[in-house]
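Remarks on the structure that follows.
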Amino acid sequence: MIALRAARVRLGGHDVLHDIAFSAAAGEMVALCGPNGSGKSTLLRALAGLLPEGGAPDPRRVAYLPQGARCAWGMTVAEVAALGRIPHGDNDPAPVERALLACGLDGLRGQRVDRISGGQARRAMLARVLATDAQVLLLDEPTADLDPAAAHAIMALLRRIARQGGCVLVVLHALDLALRYADRVVVLQAGRIVADAPPDAVLAAAAAAFGLPWGVDPSPRLLPPGP
Amino acid sequence: MIRALAAAVLLAVMAPQPGGAARVVSLNLCADDYLLLLAPGQAVAVSVLAADPALSVVAAAARRVAAVRADAEAVLALHPDLVLAGPYGAQTTLALLERRGMRVERLGLPQDFPAIAAETRRVAALLGEAARGEALLADMRARLDAVTQRRPQRVVFLEARGYVAGPDSLAGAVLRAAGFRPAGPAGQPGLETLAAHPPDLLVTATAPDYPAMATDLLRHPALAGIPRREVAPALLVCGGPWTAQAVTVLAR
Amino acid sequence: MTRWLSLAVAVLFVASLLTGAAGVGVPDPLILWQIRLPRAALALLVGGGLGLSGAVLQGALRNPLADPGLLGIGGCAALGAVVAFYWGLSAVFAPALPLAGLAGAALGCAFLLAFAGRAASGPSLILAGVALSALAAALLALALTLAPNPFALAEVTFWLMGGLEDRTLTHLLLAAGPIVLGCGVLLALGRGLDGLALGEEVAASLGVPVRRTLRLAAAGVALAVGAGAAVAGGIGFVGLVVPHLLRPAMGERPSALLAPSLLGGAALLLAADLLARTAPLLLPLQQEPRLGVLTALLGAPFLVRIARRVAPGGAG
């Protein structure tokens with residue numbers, strides 16, 4: 001559904017991604033994890049076609065939500081969601097409605113995005129992504145700054161979308177969300193993929209890759225390394 | 001007319017001067033006009049505008065005299081005996097010169113012919129050229145007397161930016177002397193008023209060669225239908241004996 | 001709302017044709033065609049161009065303080081026009097006047113566009129605009145001290161305060177083409193500006209051609225503001241005030257503000273011009289108040305009010 005082959009991305013004078021070979025299929029929810037500066041966001045942007053070298057994918061097929069996206073104006077929630085129809089060039093209200101309902105924004109549709117809570121505004125941004133009816137969703141930290149209940153609600157929603165046939169890629173810091181909701185977890189470090197496995201297997205792979213001196217508990221819980 | 005005057009001035013400048021002539025610096029256009037007409041031999045430097053034929057009646061002569069800006073240092077370097085200036089402008093320069101003991105005389109702005117006569121006599125006395133002053137005034141009187149009576153037309157003198165010169169201004173005096181009835185009031189009546197109540201005659205100063213926003217209005221199509229006469233702007237920028245030439249032109 | 005604005009523009013336009021120093025009512029055809037029509041039509045066009053340019057600049061730069069005057073574009077246009085006038089270019093070739101204004105505005109837009117990538121949405125863009133304004137004003141004063149006309153600097157100060165009095169049909173014909181073309185370009189940018197509301201990256205991911213949209217915005221603003229300033233002098237704040245007045249009614253989607261800002265700007269300048277024209281008839285004034293002064297009296301308090309609400313480092 002979406003693929004990136006042998007990519008090498010250079011930003012600001014040094015390599016951010018090395019020899020990436022990555023692909024994801026419909027129906028998959030993939031979590032991208034890794035330490036700061038590992039290239040997660042860059043990989044997502046490369047997939048979204050935002051890097052100068054890469055070609056841009058069809059905007060009706062691929063929808064992207066960057067980290068900390070904000071609306072510059074006090075548009076209403078419904079207006080923000082409707083922006084997702086821009087790639088299609090129509091004002092079709094049906095997908096916008098579906099998106100608003102899916103994100104639980106029915107009661108807030110007339111509210112200005114600059115007057116609602118951070119979590120609600122983030123959901124409005126998500127509604128915009130959903131309103132495009134894209135087959136591939138690329139989301140960078142969609143749950144940052146959200147309380148746990150809201151974070152889990154959004155992850156559950158994304159998993160539902162994947163189950164319905166979409167391909168969802170999420171960059172996450174919160175490893176527990178990744179392990180709980182994703183079908184596949186991809187771990188990056190210093191611009192390389194060091195692990196790519198289902199949640200229960202990825203910890204062992206990551207531990208091996210990082211050479212970390214800890215054992216792997218069968219239940220997906222991360223144990224801190226010894227002192 | 002101006003050429004005759006200019007020729008007179010040129011001759012005066014080139015003729016040897018009697019002893020005891022003062023060194024005079026003029027910092028103002030109107031003072032330049034008086035200086036170069038009355039005592040060109042005493043002129044050490046004149047203002048920068050004096051050489052502009054659109055503004056100055058002594059442009060040709062001014063080119064033979066050094067030009068100076070209103071700068072105290074530059075003026076002092078010329079070692080003048082007398083500095084002539086206008087009533088406004090160059091205040092700080094003049095104050096500095098006066099503090100250094102320099103003799104500074106400020107000229108007035110005569111707005112009618114009696115005032116012009118008085119000012120001419122005053123400046124002529126200052127420069128020690130009373131006879132030349134009287135000669136200029138005699139020419140002026142002759143021109144004014146030569147105007148034949150006629151039925152007074154309603155005339156508007158339109159200045160830059162659409163200002164109508166009031167009856168009490170210099171332009172008003174010229175119109176009256178030429179036998180016209182100056183239409184007031186002074187101020188900016190606006191294009192519409194002029195087009196709605198057009199005068200019998202529109203008098204303007206000839207537009208300068210260089211582009212000037214101020215005179216653009218005079219070319220507006222709405223004024224095209226009104227009869228128009230022009231006078232040389234230099235005759236009215238400063239009031240002096242030469243202003244009577246404008247009367248001669250208009251009274252023709 | 002758009003209907004009401006159109007009606008307001010029509011009413012003000014007709015009122016402008018019927019009002020003047022020669023009296024209220026249908027005047028002499030000479031006055032109507034040669035004096036009142038150019039003035040009213042120019043107020044409509046210049047005001048419309050300024051209002052629309054303000055809405056587009058705010059949308060493209062994601063900055064509620066964006067305005068062609070504040071950002072220095074008007075100053076650059078005035079510089080071009082003044083140079084063309086005083087060096088006789090427009091006397092030889094009349095279209096040189098709006099073309100020079102256009103060129104000046106285009107250079108200003110190019111500078112801002114280069115700057116916009118880094119810090120478009122913050123106060124630093126406004127600071128760049130202030131710097132550009134100051135530079136344009138300084139270059140203008142310098143150029144005029146070198147002009148053939150020794151009184152150029154004095155007389156242009158008046159012109160810089162903005163005004164439409166005594167404009168001819170020629171002025172109208174020279175300015176109308178570029179302004180209409182510029183407005184046409186700007187009105188087509190609604191979709192792109194909506195996308196830009198979420199940032200350049202999201203806009204690009206939505207398929208909005210970001211670079212092209214910004215360049216078209218710059219070109220449209222240069223056309224509309226450049227030609228307008230060449231004929232009317234410095235009139236500011238219309239592009240700032242009109243979109244802000246309309247946001248409560250039209251919503252904050254950039255595309256929803258474009259056509260209403262055009263109409264609102266036209267109505268505002270028509271009203272200001274009407275006021276300038278009637279003020280000397282009602283009050284003991286020596287001359288008409290300058291248009292730029294009237295819009296500044298309205299706009300400067302607005303600017304203070306808006307600036308207070310803008311959060312530091314970001315759009316409001």
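Chain lettering (A, B, ...) mirrors the order of the structure tokens, residue numbering begins at 1 for each chain separately, and ligand numbering begins at 1 in order of display.
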
Within 8 Å of chain A, which residues of chain C come that close, and what is the closest atom pair and distance in Å for each? Count only C-alpha atoms and give it as a Markdown table.
```
| residue | atom | partner | partner_atom | distance |
| --- | --- | --- | --- | --- |
| C:Arg62 | CA | A:Ala72 | CA | 5.9 |
| C:Asn63 | CA | A:Ala72 | CA | 7.8 |
| C:Arg191 | CA | A:Ile86 | CA | 7.1 |
| C:Asp194 | CA | A:Leu83 | CA | 7.1 |
| C:Gly195 | CA | A:Leu83 | CA | 6.8 |
| C:Ala197 | CA | A:Ala72 | CA | 5.3 |
| C:Leu198 | CA | A:Cys71 | CA | 4.7 |
| C:Gly199 | CA | A:Ala69 | CA | 7.4 |
| C:Glu201 | CA | A:Leu50 | CA | 7.2 |
| C:Val202 | CA | A:Tyr64 | CA | 6.7 |
| C:Ala204 | CA | A:Leu50 | CA | 7.3 |
| C:Ser205 | CA | A:Pro59 | CA | 6.0 |
| C:Leu206 | CA | A:Pro59 | CA | 5.3 |
| C:Gly207 | CA | A:Pro59 | CA | 5.3 |
| C:Val208 | CA | A:Pro87 | CA | 7.8 |
| C:Gly251 | CA | A:Met75 | CA | 6.6 |
| C:Glu252 | CA | A:Met75 | CA | 5.0 |
| C:Arg253 | CA | A:Met75 | CA | 6.0 |
| C:Ala315 | CA | A:Ala72 | CA | 5.8 |
| C:Gly316 | CA | A:Trp73 | CA | 7.1 |
```

Check which residues of chain C sit at most 9 Å from chain B using only C-alpha atoms, and return one row each with the closest pair of atoms and their distance in Å to one decimal, ordered by chain and rising number, as CSV.
```
residue,atom,partner,partner_atom,distance
C:Gly20,CA,B:Glu192,CA,7.1
C:Ala21,CA,B:Thr193,CA,5.7
C:Ala22,CA,B:Thr193,CA,5.4
C:Gly23,CA,B:Thr193,CA,9.0
C:Pro27,CA,B:Ala196,CA,8.5
C:Asp28,CA,B:Ala196,CA,7.4
C:Leu30,CA,B:Ala222,CA,6.5
C:Ile31,CA,B:Glu192,CA,6.4
C:Gln34,CA,B:Ala222,CA,5.9
C:Ile35,CA,B:Glu192,CA,7.0
C:Arg36,CA,B:Glu192,CA,8.5
C:Phe85,CA,B:Pro211,CA,6.7
C:Tyr86,CA,B:Pro211,CA,5.4
C:Trp87,CA,B:Pro211,CA,7.1
C:Gly88,CA,B:Pro211,CA,5.9
C:Ala91,CA,B:Pro211,CA,7.6
C:Ala147,CA,B:Tyr210,CA,8.9
C:Pro148,CA,B:Tyr210,CA,6.1
C:Asn149,CA,B:Tyr210,CA,5.8
C:Pro150,CA,B:Leu49,CA,8.4
C:Phe151,CA,B:Ala212,CA,8.1
C:Ala152,CA,B:Ala212,CA,7.0
C:Glu155,CA,B:Ala214,CA,6.9
C:Val156,CA,B:Met213,CA,7.6
C:Trp159,CA,B:Met213,CA,8.5
C:Glu165,CA,B:Leu191,CA,8.3
C:Asp166,CA,B:Leu217,CA,6.5
C:Arg167,CA,B:His220,CA,8.0
C:Thr168,CA,B:His220,CA,6.8
C:Leu169,CA,B:Pro221,CA,8.9
C:Gln286,CA,B:Gly187,CA,6.6
C:Gln287,CA,B:Gln188,CA,6.2
C:Glu288,CA,B:Gln188,CA,8.9
```

One decimal, Å: what's the distance from CA of Val113 (chain A) over to CA of Gly68 (chain A), could you say?
13.8 Å

Residue set, chain A restricted to strand (DSSP E or B), as number ranges by chain
A: 2-11, 14-24, 29-33, 62-65, 76, 112, 136-140, 167-171, 184-189, 192-197

Expected answer as JSON, numbers by chain: helix (DSSP H, G or I) residues in region 108-200 of chain C:
{"C": [108, 109, 110, 111, 112, 113, 114, 115, 116, 117, 118, 119, 123, 124, 125, 126, 127, 128, 129, 130, 131, 132, 133, 134, 135, 136, 137, 138, 139, 140, 141, 142, 143, 144, 145, 152, 153, 154, 155, 156, 157, 158, 159, 160, 169, 170, 171, 172, 173, 174, 175, 176, 177, 178, 179, 180, 181, 182, 183, 184, 185, 186, 187, 190, 191, 192, 193, 194, 195, 196, 200]}

Could you list, as a list in words, every residue within 9 Å of Leu250 (chain B), counting only C-alpha atoms and ignoring same-chain residues fewer than 5 positions away?
Val174, Leu175, Ala178, Gly179, Val203, Arg229, Glu230, Val231 and Gln245 of chain B

Can those selected residues be exported to a file as a short mmCIF file (atom, residue, chain, number, x, y, z; two decimals), in the first residue's frame so that it contains C-alpha atoms?
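To be explicit, this is the file written out as out.cif:
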```
data_model
loop_
_atom_site.label_atom_id
_atom_site.label_comp_id
_atom_site.auth_asym_id
_atom_site.auth_seq_id
_atom_site.Cartn_x
_atom_site.Cartn_y
_atom_site.Cartn_z
CA VAL B 174 -1.21 91.87 -10.59
CA LEU B 175 -4.70 90.97 -11.75
CA ALA B 178 -4.07 94.49 -15.37
CA GLY B 179 -7.67 95.65 -15.17
CA VAL B 203 -4.40 82.73 -15.31
CA ARG B 229 -3.35 82.93 -20.09
CA GLU B 230 0.05 82.14 -18.73
CA VAL B 231 2.71 84.24 -17.07
CA GLN B 245 6.02 92.59 -16.55
#
```

If we count only C-alpha atoms and set the cut-off at 12 Å, which residues sit around Glu98 (chain B), ignoring sequence neighbours fewer than 4 positions away in its own chain? Please answer as a JSON list (two decimals) with N, CA and C atoms, in the first residue's frame.
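See selection30.json below for the written result:
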```
[["chain", "number", "residue", "atom", "x", "y", "z"],
["B", 72, "ALA", "N", 26.42, 78.11, 7.61],
["B", 72, "ALA", "CA", 27.20, 79.19, 8.22],
["B", 72, "ALA", "C", 28.68, 79.12, 7.86],
["B", 75, "VAL", "N", 29.24, 80.31, 4.32],
["B", 75, "VAL", "CA", 29.06, 81.77, 4.21],
["B", 75, "VAL", "C", 30.25, 82.50, 4.80],
["B", 76, "LEU", "N", 30.68, 82.08, 5.97],
["B", 76, "LEU", "CA", 31.82, 82.76, 6.63],
["B", 76, "LEU", "C", 33.08, 82.68, 5.78],
["B", 81, "ASP", "N", 30.46, 91.27, 3.71],
["B", 81, "ASP", "CA", 30.17, 92.40, 4.58],
["B", 81, "ASP", "C", 28.71, 92.41, 4.97],
["B", 82, "LEU", "N", 27.90, 91.81, 4.12],
["B", 82, "LEU", "CA", 26.45, 91.86, 4.33],
["B", 82, "LEU", "C", 25.86, 90.54, 3.85],
["B", 83, "VAL", "N", 24.91, 90.03, 4.63],
["B", 83, "VAL", "CA", 24.19, 88.82, 4.22],
["B", 83, "VAL", "C", 22.72, 89.17, 4.06],
["B", 84, "LEU", "N", 22.17, 88.87, 2.90],
["B", 84, "LEU", "CA", 20.75, 89.11, 2.67],
["B", 84, "LEU", "C", 20.00, 87.79, 2.77],
["B", 91, "GLN", "N", 16.99, 79.98, 9.65],
["B", 91, "GLN", "CA", 17.02, 80.68, 10.94],
["B", 91, "GLN", "C", 18.28, 80.39, 11.73],
["B", 92, "THR", "N", 18.62, 79.09, 11.80],
["B", 92, "THR", "CA", 19.78, 78.74, 12.62],
["B", 92, "THR", "C", 21.06, 79.31, 12.01],
["B", 93, "THR", "N", 21.13, 79.25, 10.67],
["B", 93, "THR", "CA", 22.32, 79.79, 10.01],
["B", 93, "THR", "C", 22.46, 81.28, 10.30],
["B", 94, "LEU", "N", 21.37, 82.02, 10.14],
["B", 94, "LEU", "CA", 21.43, 83.47, 10.36],
["B", 94, "LEU", "C", 21.74, 83.80, 11.81],
["B", 102, "MET", "N", 28.19, 89.24, 12.14],
["B", 102, "MET", "CA", 27.93, 89.51, 10.72],
["B", 102, "MET", "C", 26.68, 90.36, 10.57],
["B", 103, "ARG", "N", 26.70, 91.24, 9.56],
["B", 103, "ARG", "CA", 25.53, 92.06, 9.33],
["B", 103, "ARG", "C", 24.54, 91.30, 8.47],
["B", 104, "VAL", "N", 23.34, 91.05, 9.02],
["B", 104, "VAL", "CA", 22.32, 90.27, 8.32],
["B", 104, "VAL", "C", 21.09, 91.13, 8.12],
["B", 105, "GLU", "N", 20.58, 91.18, 6.88],
["B", 105, "GLU", "CA", 19.35, 91.92, 6.61],
["B", 105, "GLU", "C", 18.32, 90.97, 6.04],
["B", 106, "ARG", "N", 17.12, 90.97, 6.66],
["B", 106, "ARG", "CA", 16.05, 90.10, 6.16],
["B", 106, "ARG", "C", 15.12, 90.92, 5.28]]
```

Just want the 10 Å neighbourhood of Ala138 (chain B), counted on only C-alpha atoms, with same-chain residues fewer than 5 positions away dropped. Output as a PyMOL selection string.
chain B and resi 117+132-133+143-144+241

Write the residues of the preceding selection, restricted to N, CA and C atoms, as a PDB file, in the first residue's frame.
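Written file, part.pdb:
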```pdb
ATOM      1  N   ALA B 117       7.533  98.891  -4.124  1.00  0.00           N
ATOM      2  CA  ALA B 117       8.307 100.127  -4.253  1.00  0.00           C
ATOM      3  C   ALA B 117       9.091 100.406  -2.980  1.00  0.00           C
ATOM      4  N   ARG B 132      19.922 103.243  -9.132  1.00  0.00           N
ATOM      5  CA  ARG B 132      19.462 102.080  -9.896  1.00  0.00           C
ATOM      6  C   ARG B 132      18.093 101.642  -9.426  1.00  0.00           C
ATOM      7  N   GLY B 133      17.855 101.751  -8.128  1.00  0.00           N
ATOM      8  CA  GLY B 133      16.550 101.386  -7.587  1.00  0.00           C
ATOM      9  C   GLY B 133      15.468 102.248  -8.205  1.00  0.00           C
ATOM     10  N   ARG B 143       5.086 100.704 -16.821  1.00  0.00           N
ATOM     11  CA  ARG B 143       4.293  99.547 -17.245  1.00  0.00           C
ATOM     12  C   ARG B 143       2.890  99.601 -16.655  1.00  0.00           C
ATOM     13  N   LEU B 144       2.814  99.947 -15.370  1.00  0.00           N
ATOM     14  CA  LEU B 144       1.503  99.985 -14.721  1.00  0.00           C
ATOM     15  C   LEU B 144       0.623 101.063 -15.331  1.00  0.00           C
ATOM     16  N   PRO B 241      10.131  94.807  -8.698  1.00  0.00           N
ATOM     17  CA  PRO B 241       9.807  95.653  -9.857  1.00  0.00           C
ATOM     18  C   PRO B 241       9.525  94.837 -11.114  1.00  0.00           C
TER      19      PRO B 241
END
```

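Going from CA of Leu181 (chain C) over to CA of Leu107 (chain C), you cover 18.2 Å.
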